[in-house]
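Reviewing the structure listed below.
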Amino acid sequence: MRAAAGGALVAATALAVLGLTGCSHGPSLETRSAITAPPGNSHDLAIGSAGFTESELLAQMYAQLLRHAGYRTHVLTVGNRELYEPALEVGQIDVVPEYAATFADWLNAKNKGSKAAPVASPDLGATLSALRSLGAPRGLTVLRPGRAVDQNAFAVSASYARTHHLRTLSDLGRAKLPVRLAAGDECVQRPFCAPGLTKTYGINITAIDPKGVGTTPAKQAVQNGQDQMVLTTSTDATLDRFGLVLLTDDKKLQNADYVLPVVNRARAGGARTAAALNRLNTVLTTADLARLNEQVDSWRRLPADVAHHYLVAKGLLPKG
């Protein structure tokens, strides 16, 4: 684990969270009154990170903005949603960065089982409404999303796009080209991958090359012409390195996975916390998030340092 500048990454505390929350399924009878209590404003806040680069960057930005607003903060890295979400419910973690559509469907599956019909959609308003309805009974408050979105995205080589005049996925469907897609093997069945590309856009997917989502081998396969398209994410900052360009999801196949903070209402649900975190919404874009990811993954800079530099550059933190 990397040390967090200005907000200690407390390994022992993180381990305690893992031990205490592994079997939790929501607020206990003793704490259910907290769900309807007035929003809290605890001075000491734990910011959760899921451990991957983007989550670490967002957690650091949240922690630094809250610290600037007068809170004492620290960042906890908890490896997966199955562990950090119950910890968020019981107040062992107070704030986490999340993705609207993914979290809505995850909470819905937690309530109704893994075969529950999805509640998320490409419509941000409808997705947020579903997410807030699912979060409120668990003592969670969903704050406003910003401009940044991290969702599935599809890229082709720049030369392939020029040759066939491709800017959007609709263009690719109209071109009637055979497309071998580099992706995870689950793409065969996922509605937002091969089936959705065929149904929504009429793209002729001839095969799935199981090289993973946005991996280097997958991008190289498109770069060298072995495959025609790769499944990656909208915040992938390495596409230029492989001579790849994204095709616009012009019919909105992908769900509204906008970045947003989710907080424990009883400890961090007050207006002051929301105001501090909402400042990021006015500036952080999908392209910004991609560049920040690149600085950590390719330039080997610490997430805390990258986050601090960005917030200062955008005028959200003072210089020095």
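Letters for chains follow the order of the structure tokens (A, B, ...), residue numbers begin at 1 for each chain, and ligand numbers begin at 1 in the order shown.
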
- Message: For the structure I just gave you, how does DSSP split stretch 41-179 of chain A - specifically, which residues are helix (DSSP H, G or I)? Reply as a PyMOL selection string.
- Response: chain A and resi 53-68+81-90+100-112+124-138+158-164+169-175

- Excluding stretch 181-192 of chain A and any residue of its chain fewer than 2 positions from it, enumerate the residues within 10 Å of it, using only C-alpha atoms, and give them as an MDAnalysis selection string. chainID A and resid 152:156 178:179 194:200 205:215 217:222 226:232 253:255

Go ahead and save the picked residues with C-alpha atoms, as a JSON list (two decimals), in the first residue's frame.
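This went into out_0.json:
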[["chain", "number", "residue", "atom", "x", "y", "z"],
["A", 152, "ASN", "CA", -17.61, 0.65, -20.88],
["A", 153, "ALA", "CA", -16.23, 2.13, -24.09],
["A", 154, "PHE", "CA", -15.12, 0.70, -27.41],
["A", 155, "ALA", "CA", -12.02, 1.70, -29.35],
["A", 156, "VAL", "CA", -10.67, 1.01, -32.85],
["A", 178, "PRO", "CA", -16.96, -7.97, -39.67],
["A", 179, "VAL", "CA", -15.66, -7.11, -36.20],
["A", 194, "ALA", "CA", -21.54, -8.10, -27.70],
["A", 195, "PRO", "CA", -25.34, -8.65, -27.48],
["A", 196, "GLY", "CA", -25.95, -4.93, -27.02],
["A", 197, "LEU", "CA", -23.61, -3.95, -29.84],
["A", 198, "THR", "CA", -25.50, -6.27, -32.15],
["A", 199, "LYS", "CA", -29.02, -5.39, -30.98],
["A", 200, "THR", "CA", -28.59, -1.62, -30.55],
["A", 205, "ILE", "CA", -19.46, -9.25, -34.04],
["A", 206, "THR", "CA", -17.83, -12.32, -35.57],
["A", 207, "ALA", "CA", -15.82, -13.41, -32.51],
["A", 208, "ILE", "CA", -14.73, -12.43, -29.01],
["A", 209, "ASP", "CA", -10.97, -12.51, -28.47],
["A", 210, "PRO", "CA", -10.75, -13.12, -24.68],
["A", 211, "LYS", "CA", -7.84, -10.84, -23.86],
["A", 212, "GLY", "CA", -9.56, -8.93, -21.03],
["A", 213, "VAL", "CA", -11.02, -5.45, -20.62],
["A", 214, "GLY", "CA", -8.60, -2.73, -21.70],
["A", 215, "THR", "CA", -5.51, -4.87, -21.19],
["A", 217, "PRO", "CA", -2.59, -7.47, -25.10],
["A", 218, "ALA", "CA", -6.15, -6.51, -26.07],
["A", 219, "LYS", "CA", -5.07, -3.08, -27.29],
["A", 220, "GLN", "CA", -2.08, -4.53, -29.11],
["A", 221, "ALA", "CA", -4.38, -6.96, -30.93],
["A", 222, "VAL", "CA", -6.35, -4.00, -32.33],
["A", 226, "GLN", "CA", -5.62, -9.03, -35.34],
["A", 227, "ASP", "CA", -8.85, -7.60, -33.87],
["A", 228, "GLN", "CA", -10.89, -4.64, -35.05],
["A", 229, "MET", "CA", -12.21, -3.28, -31.73],
["A", 230, "VAL", "CA", -11.39, -3.43, -28.02],
["A", 231, "LEU", "CA", -13.58, -3.10, -24.94],
["A", 232, "THR", "CA", -12.05, -0.62, -22.54],
["A", 253, "LEU", "CA", -26.05, 1.62, -24.81],
["A", 254, "GLN", "CA", -24.04, 2.01, -21.61],
["A", 255, "ASN", "CA", -25.59, 2.81, -18.26]]

- Show which residues sit within 12 Å of A:Asn111, as a PyMOL selection string. Count only C-alpha atoms, and ignore same-chain residues fewer than 2 positions away. chain A and resi 25-26+104-109+113-119+133-135+137-138

- Check the smallest atom-to-atom distance from each of A:Glu294, A:Glu89, A:Asp305, A:Glu56 to A:Leu239 using only C-alpha atoms, then report the winner. A:Glu294

- Query: Which residue, A:Gly51, A:Gly270, A:Leu66, A:Asp150, has the smallest gap to A:Ala100 when you use only C-alpha atoms?
  - Reply: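 The shortest atom-to-atom distance to A:Ala100 comes from A:Asp150.
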
- Query: Which polymer residues have any atom within 7 Å of an atom of A:Val78, counting only C-alpha atoms, with same-chain residues fewer than 2 positions away left out, as a list in words?
  - Reply: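 Here the qualifying residues turn out to be Ala14, Gly48, Ser49, Ala50, Gly51, Leu76, Asn80, Leu83 and Tyr84 of chain A.
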
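Of the residues listed (A:Val263, A:Leu124, A:Met61, A:Ala237), A:Val263 shows the shortest atom-to-atom separation from A:Gly91; distances use only C-alpha atoms.
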
- Residues flagged strand (DSSP E or B) by DSSP in stretch 80-308 of chain A, as a PyMOL selection string: chain A and resi 95-99+140-142+149+152-157+168+178-183+204-210+229-233+244-248+258-264
